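**Student:** I am sharing run.cif, which consists of mmCIF, C-alpha atoms; chains and numbers go by the auth columns:
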```
data_start
loop_
_atom_site.group_PDB
_atom_site.id
_atom_site.type_symbol
_atom_site.label_atom_id
_atom_site.label_comp_id
_atom_site.label_asym_id
_atom_site.label_seq_id
_atom_site.Cartn_x
_atom_site.Cartn_y
_atom_site.Cartn_z
_atom_site.B_iso_or_equiv
_atom_site.auth_seq_id
_atom_site.auth_asym_id
ATOM 1 C CA MET A 1 -1.723 -17.639 -17.399 0.00 504 A
ATOM 2 C CA LYS A 2 -0.690 -14.099 -16.578 0.00 505 A
ATOM 3 C CA PHE A 3 2.312 -13.659 -14.285 0.00 506 A
ATOM 4 C CA VAL A 4 3.322 -10.567 -12.331 0.00 507 A
ATOM 5 C CA HIS A 5 6.888 -9.688 -11.306 0.00 508 A
ATOM 6 C CA VAL A 6 7.412 -9.230 -7.565 0.00 509 A
ATOM 7 C CA ILE A 7 10.142 -6.744 -6.646 0.00 510 A
ATOM 8 C CA ASP A 8 11.563 -5.462 -3.379 0.00 511 A
ATOM 9 C CA ALA A 9 11.905 -1.815 -2.303 0.00 512 A
ATOM 10 C CA ASN A 10 15.290 -1.621 -4.049 0.00 513 A
ATOM 11 C CA GLY A 11 13.833 -2.723 -7.397 0.00 514 A
ATOM 12 C CA LYS A 12 15.347 -6.212 -7.262 0.00 515 A
ATOM 13 C CA VAL A 13 13.127 -8.853 -8.864 0.00 516 A
ATOM 14 C CA LEU A 14 12.315 -11.433 -6.208 0.00 517 A
ATOM 15 C CA HIS A 15 10.138 -13.816 -8.210 0.00 518 A
ATOM 16 C CA ASP A 16 7.002 -14.000 -10.347 0.00 519 A
ATOM 17 C CA THR A 17 3.548 -14.792 -9.075 0.00 520 A
ATOM 18 C CA TYR A 18 0.075 -15.294 -10.449 0.00 521 A
ATOM 19 C CA ALA A 19 -1.966 -12.160 -11.144 0.00 522 A
ATOM 20 C CA LYS A 20 -4.597 -13.247 -8.617 0.00 523 A
ATOM 21 C CA ARG A 21 -1.967 -13.653 -5.874 0.00 524 A
ATOM 22 C CA ALA A 22 -0.480 -10.242 -6.738 0.00 525 A
ATOM 23 C CA LYS A 23 -3.923 -8.657 -6.482 0.00 526 A
ATOM 24 C CA GLY A 24 -4.375 -10.285 -3.061 0.00 527 A
ATOM 25 C CA LEU A 25 -1.027 -8.940 -1.815 0.00 528 A
ATOM 26 C CA VAL A 26 -2.002 -5.445 -2.936 0.00 529 A
ATOM 27 C CA LYS A 27 -5.461 -5.736 -1.417 0.00 530 A
ATOM 28 C CA LYS A 28 -3.952 -6.802 1.930 0.00 531 A
ATOM 29 C CA GLY A 29 -1.586 -3.826 1.868 0.00 532 A
ATOM 30 C CA ARG A 30 1.554 -5.946 1.602 0.00 533 A
ATOM 31 C CA ALA A 31 2.467 -4.640 -1.862 0.00 534 A
ATOM 32 C CA TYR A 32 1.566 -1.983 -4.405 0.00 535 A
ATOM 33 C CA TYR A 33 1.424 -1.950 -8.192 0.00 536 A
ATOM 34 C CA VAL A 34 4.460 -0.455 -9.899 0.00 537 A
ATOM 35 C CA ASP A 35 2.917 -1.015 -13.325 0.00 538 A
ATOM 36 C CA GLU A 36 0.550 -3.522 -14.917 0.00 539 A
ATOM 37 C CA THR A 37 3.133 -6.325 -14.820 0.00 540 A
ATOM 38 C CA SER A 38 4.942 -5.638 -11.512 0.00 541 A
ATOM 39 C CA ILE A 39 4.241 -5.217 -7.822 0.00 542 A
ATOM 40 C CA CYS A 40 6.590 -4.007 -5.112 0.00 543 A
ATOM 41 C CA MET A 41 6.526 -5.595 -1.682 0.00 544 A
ATOM 42 C CA ILE A 42 6.071 -3.033 1.075 0.00 545 A
ATOM 43 C CA CYS A 43 7.603 -5.134 3.821 0.00 546 A
ATOM 44 C CA SER A 44 10.250 -7.649 2.937 0.00 547 A
ATOM 45 C CA MET A 45 10.196 -10.915 4.844 0.00 548 A
ATOM 46 C CA ARG A 46 13.953 -10.704 5.372 0.00 549 A
ATOM 47 C CA LYS A 47 15.079 -9.811 8.885 0.00 550 A
ATOM 48 C CA GLU A 48 17.240 -6.842 7.860 0.00 551 A
ATOM 49 C CA HIS A 49 14.149 -4.901 6.789 0.00 552 A
ATOM 50 C CA ASN A 50 12.155 -4.970 9.996 0.00 553 A
ATOM 51 C CA MET A 51 11.303 -1.760 11.843 0.00 554 A
ATOM 52 C CA GLU A 52 13.828 -2.322 14.645 0.00 555 A
ATOM 53 C CA THR A 53 16.840 -2.565 12.337 0.00 556 A
ATOM 54 C CA MET A 54 15.916 0.008 9.693 0.00 557 A
ATOM 55 C CA THR A 55 17.769 3.287 9.660 0.00 558 A
ATOM 56 C CA LYS A 56 15.777 6.472 9.859 0.00 559 A
ATOM 57 C CA GLU A 57 16.475 7.127 6.172 0.00 560 A
ATOM 58 C CA GLU A 58 15.274 3.660 5.153 0.00 561 A
ATOM 59 C CA LEU A 59 12.121 4.074 7.205 0.00 562 A
ATOM 60 C CA LEU A 60 11.402 7.481 5.697 0.00 563 A
ATOM 61 C CA LYS A 61 11.996 6.130 2.192 0.00 564 A
ATOM 62 C CA GLN A 62 9.541 3.290 2.746 0.00 565 A
ATOM 63 C CA MET A 63 6.969 5.648 4.220 0.00 566 A
ATOM 64 C CA GLU A 64 7.347 8.015 1.264 0.00 567 A
ATOM 65 C CA GLU A 65 6.931 5.140 -1.210 0.00 568 A
ATOM 66 C CA MET A 66 3.767 4.015 0.544 0.00 569 A
ATOM 67 C CA LEU A 67 2.310 7.503 0.368 0.00 570 A
ATOM 68 C CA GLN A 68 3.267 7.992 -3.285 0.00 571 A
ATOM 69 C CA HIS A 69 1.498 4.883 -4.531 0.00 572 A
ATOM 70 C CA GLN A 70 -2.154 5.707 -4.372 0.00 573 A
ATOM 71 C CA THR A 71 -3.473 3.213 -6.924 0.00 574 A
ATOM 72 C CA TYR A 72 -5.980 1.954 -4.369 0.00 575 A
ATOM 73 C CA MET A 73 -8.108 5.062 -4.971 0.00 576 A
ATOM 74 C CA LYS A 74 -8.424 4.375 -8.702 0.00 577 A
ATOM 75 C CA GLU A 75 -9.043 0.693 -8.009 0.00 578 A
ATOM 76 C CA ALA A 76 -11.826 1.605 -5.568 0.00 579 A
ATOM 77 C CA ILE A 77 -13.502 3.901 -8.096 0.00 580 A
ATOM 78 C CA ASP A 78 -13.178 1.208 -10.775 0.00 581 A
ATOM 79 C CA ALA A 79 -14.698 -1.367 -8.416 0.00 582 A
ATOM 80 C CA ILE A 80 -17.656 0.896 -7.650 0.00 583 A
ATOM 81 C CA GLU A 81 -18.206 1.513 -11.365 0.00 584 A
ATOM 82 C CA LYS A 82 -18.254 -2.249 -11.974 0.00 585 A
ATOM 83 C CA ILE A 83 -21.064 -2.924 -9.511 0.00 586 A
ATOM 84 C CA PRO A 84 -23.935 -4.309 -11.598 0.00 587 A
ATOM 85 C CA TYR A 85 -26.845 -1.934 -11.993 0.00 588 A
ATOM 86 C CA ASP A 86 -29.409 -4.723 -11.830 0.00 589 A
ATOM 87 C CA LEU A 87 -28.745 -5.493 -8.153 0.00 590 A
ATOM 88 C CA GLU A 88 -31.089 -4.488 -5.397 0.00 591 A
ATOM 89 C CA GLU A 89 -30.395 -1.074 -3.917 0.00 592 A
ATOM 90 C CA ALA A 90 -29.353 -2.581 -0.570 0.00 593 A
ATOM 91 C CA GLN A 91 -26.757 -4.829 -2.249 0.00 594 A
ATOM 92 C CA VAL A 92 -25.321 -1.899 -4.199 0.00 595 A
ATOM 93 C CA ARG A 93 -25.141 0.163 -1.014 0.00 596 A
ATOM 94 C CA LEU A 94 -23.384 -2.641 0.912 0.00 597 A
ATOM 95 C CA ARG A 95 -20.808 -3.183 -1.827 0.00 598 A
ATOM 96 C CA THR A 96 -20.150 0.534 -2.152 0.00 599 A
ATOM 97 C CA GLU A 97 -19.808 0.943 1.624 0.00 600 A
ATOM 98 C CA ALA A 98 -17.358 -1.987 1.786 0.00 601 A
ATOM 99 C CA ILE A 99 -15.175 -0.440 -0.911 0.00 602 A
ATOM 100 C CA MET A 100 -15.305 2.959 0.764 0.00 603 A
ATOM 101 C CA GLN A 101 -14.331 1.400 4.103 0.00 604 A
ATOM 102 C CA ILE A 102 -11.174 0.022 2.502 0.00 605 A
ATOM 103 C CA VAL A 103 -10.323 3.492 1.205 0.00 606 A
ATOM 104 C CA LYS A 104 -10.994 5.045 4.636 0.00 607 A
ATOM 105 C CA GLU A 105 -8.710 2.519 6.322 0.00 608 A
ATOM 106 C CA LYS A 106 -5.936 3.163 3.801 0.00 609 A
ATOM 107 C CA GLU A 107 -6.295 6.903 4.357 0.00 610 A
ATOM 108 C CA ALA A 108 -6.144 6.336 8.128 0.00 611 A
ATOM 109 C CA SER A 109 -2.876 4.453 7.578 0.00 612 A
ATOM 110 C CA ASN A 110 -1.557 7.351 5.511 0.00 613 A
ATOM 111 C CA GLN A 111 -2.509 9.795 8.278 0.00 614 A
ATOM 112 C CA ALA A 112 -0.711 7.618 10.840 0.00 615 A
ATOM 113 C CA LEU A 113 2.415 7.656 8.650 0.00 616 A
ATOM 114 C CA ILE A 114 2.249 11.432 8.409 0.00 617 A
ATOM 115 C CA ALA A 115 1.864 11.700 12.194 0.00 618 A
ATOM 116 C CA LEU A 116 4.912 9.460 12.643 0.00 619 A
ATOM 117 C CA TRP A 117 6.840 11.657 10.218 0.00 620 A
ATOM 118 C CA LYS A 118 5.907 14.716 12.268 0.00 621 A
ATOM 119 C CA GLN A 119 7.027 13.024 15.482 0.00 622 A
ATOM 120 C CA MET A 120 10.358 12.080 13.924 0.00 623 A
ATOM 121 C CA LEU A 121 10.827 15.645 12.706 0.00 624 A
ATOM 122 C CA ALA A 122 10.046 17.041 16.157 0.00 625 A
ATOM 123 C CA VAL A 123 12.604 14.709 17.757 0.00 626 A
ATOM 124 C CA ASP A 124 15.217 15.771 15.184 0.00 627 A
ATOM 125 C CA GLU A 125 14.516 19.451 15.852 0.00 628 A
ATOM 126 C CA LYS A 126 14.878 18.914 19.620 0.00 629 A
ATOM 127 C CA LEU A 127 18.181 17.121 19.130 0.00 630 A
ATOM 128 C CA GLU A 128 19.477 19.933 16.916 0.00 631 A
ATOM 129 C CA LEU A 129 18.579 22.542 19.543 0.00 632 A
ATOM 130 C CA GLN A 130 20.554 20.722 22.237 0.00 633 A
#
```
I'd like the structure from this file rewritten - as structure tokens, please.

**Tutor:**
Amino acid sequence: MKFVHVIDANGKVLHDTYAKRAKGLVKKGRAYYVDETSICMICSMRKEHNMETMTKEELLKQMEEMLQHQTYMKEAIDAIEKIPYDLEEAQVRLRTEAIMQIVKEKEASNQALIALWKQMLAVDEKLELQ
């Protein structure tokens, strides 16, 4: 059985998990692949890492990490390439559209993070002017 290391945002190894579970965490947006044998959890389950208690710097660091790890795009292209050619055209279209919808939703999340960044920057600039 293949195991994958699960790490937190600070690089601390939390535990190992099965490759299938790791893939599910990445697919659900709860983690991202660091390399072939490790995933990093995006949101820790520990209380000190929730949005209300994070410092601005911690929040920005997490947002930057989420934007830097774009493996979902390669995974989507790989998934499309693996669609069997002997399927009916409608089945191929449905599978391709489902994969593309995942990519669109991830990109929408990225755009929301960028908008939040801009709002935080605007607030900082207003505070500096005062």

**Student:** Starting from the PyMOL selection byres ((chain A and resi 583-586) around 8), expand the selection into actual residues of this file and give them as a CSV table (one decimal) with C-alpha atoms, keeping the file's coordinate frame.

**Tutor:**
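The resulting file, part_13.csv, is reproduced below:
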```
chain,number,residue,atom,x,y,z
A,579,ALA,CA,-11.8,1.6,-5.6
A,580,ILE,CA,-13.5,3.9,-8.1
A,581,ASP,CA,-13.2,1.2,-10.8
A,582,ALA,CA,-14.7,-1.4,-8.4
A,587,PRO,CA,-23.9,-4.3,-11.6
A,588,TYR,CA,-26.8,-1.9,-12.0
A,595,VAL,CA,-25.3,-1.9,-4.2
A,598,ARG,CA,-20.8,-3.2,-1.8
A,599,THR,CA,-20.2,0.5,-2.2
A,602,ILE,CA,-15.2,-0.4,-0.9
```

**Student:** Take the PyMOL selection byres ((chain A and resi 566-568) around 9), run it mentally on this structure, and tell me the resulting residues as an mmCIF file with C-alpha atoms, keeping the file's coordinate frame.

**Tutor:**
```
data_model
loop_
_atom_site.group_PDB
_atom_site.id
_atom_site.type_symbol
_atom_site.label_atom_id
_atom_site.label_comp_id
_atom_site.auth_asym_id
_atom_site.auth_seq_id
_atom_site.Cartn_x
_atom_site.Cartn_y
_atom_site.Cartn_z
ATOM 1 C CA ALA A 512 11.905 -1.815 -2.303
ATOM 2 C CA ILE A 545 6.071 -3.033 1.075
ATOM 3 C CA GLU A 561 15.274 3.660 5.153
ATOM 4 C CA LEU A 562 12.121 4.074 7.205
ATOM 5 C CA LEU A 563 11.402 7.481 5.697
ATOM 6 C CA LYS A 564 11.996 6.130 2.192
ATOM 7 C CA GLN A 565 9.541 3.290 2.746
ATOM 8 C CA MET A 569 3.767 4.015 0.544
ATOM 9 C CA LEU A 570 2.310 7.503 0.368
ATOM 10 C CA GLN A 571 3.267 7.992 -3.285
ATOM 11 C CA HIS A 572 1.498 4.883 -4.531
ATOM 12 C CA ASN A 613 -1.557 7.351 5.511
ATOM 13 C CA LEU A 616 2.415 7.656 8.650
ATOM 14 C CA ILE A 617 2.249 11.432 8.409
ATOM 15 C CA TRP A 620 6.840 11.657 10.218
#
```

**Student:** Which distance in Å separates atom CA of A:Thr574 and atom CA of A:Gly532, to one decimal?

**Tutor:** 11.4 Å

**Student:** Step by step, work through what the PyMOL selection byres ((chain A and resi 526) around 12) selects in the shown file, and finish by giving those residues as a ChimeraX atom specification.

**Tutor:** /A:505-509,520-525,527-536,539-544,574-575,578

**Student:** I need the residue nearest A:Val537 from this list: A:Ile510, A:Val626, A:Ile605, A:Leu590. Use only C-alpha atoms for the distance.

**Tutor:** A:Ile510

**Student:** Counting all atoms listed in the file, which residue out of A:Leu517, A:Leu630, A:Leu619, A:Met576 sits closest to A:Val606?

**Tutor:**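 Smallest distance to A:Val606 is found for A:Met576.
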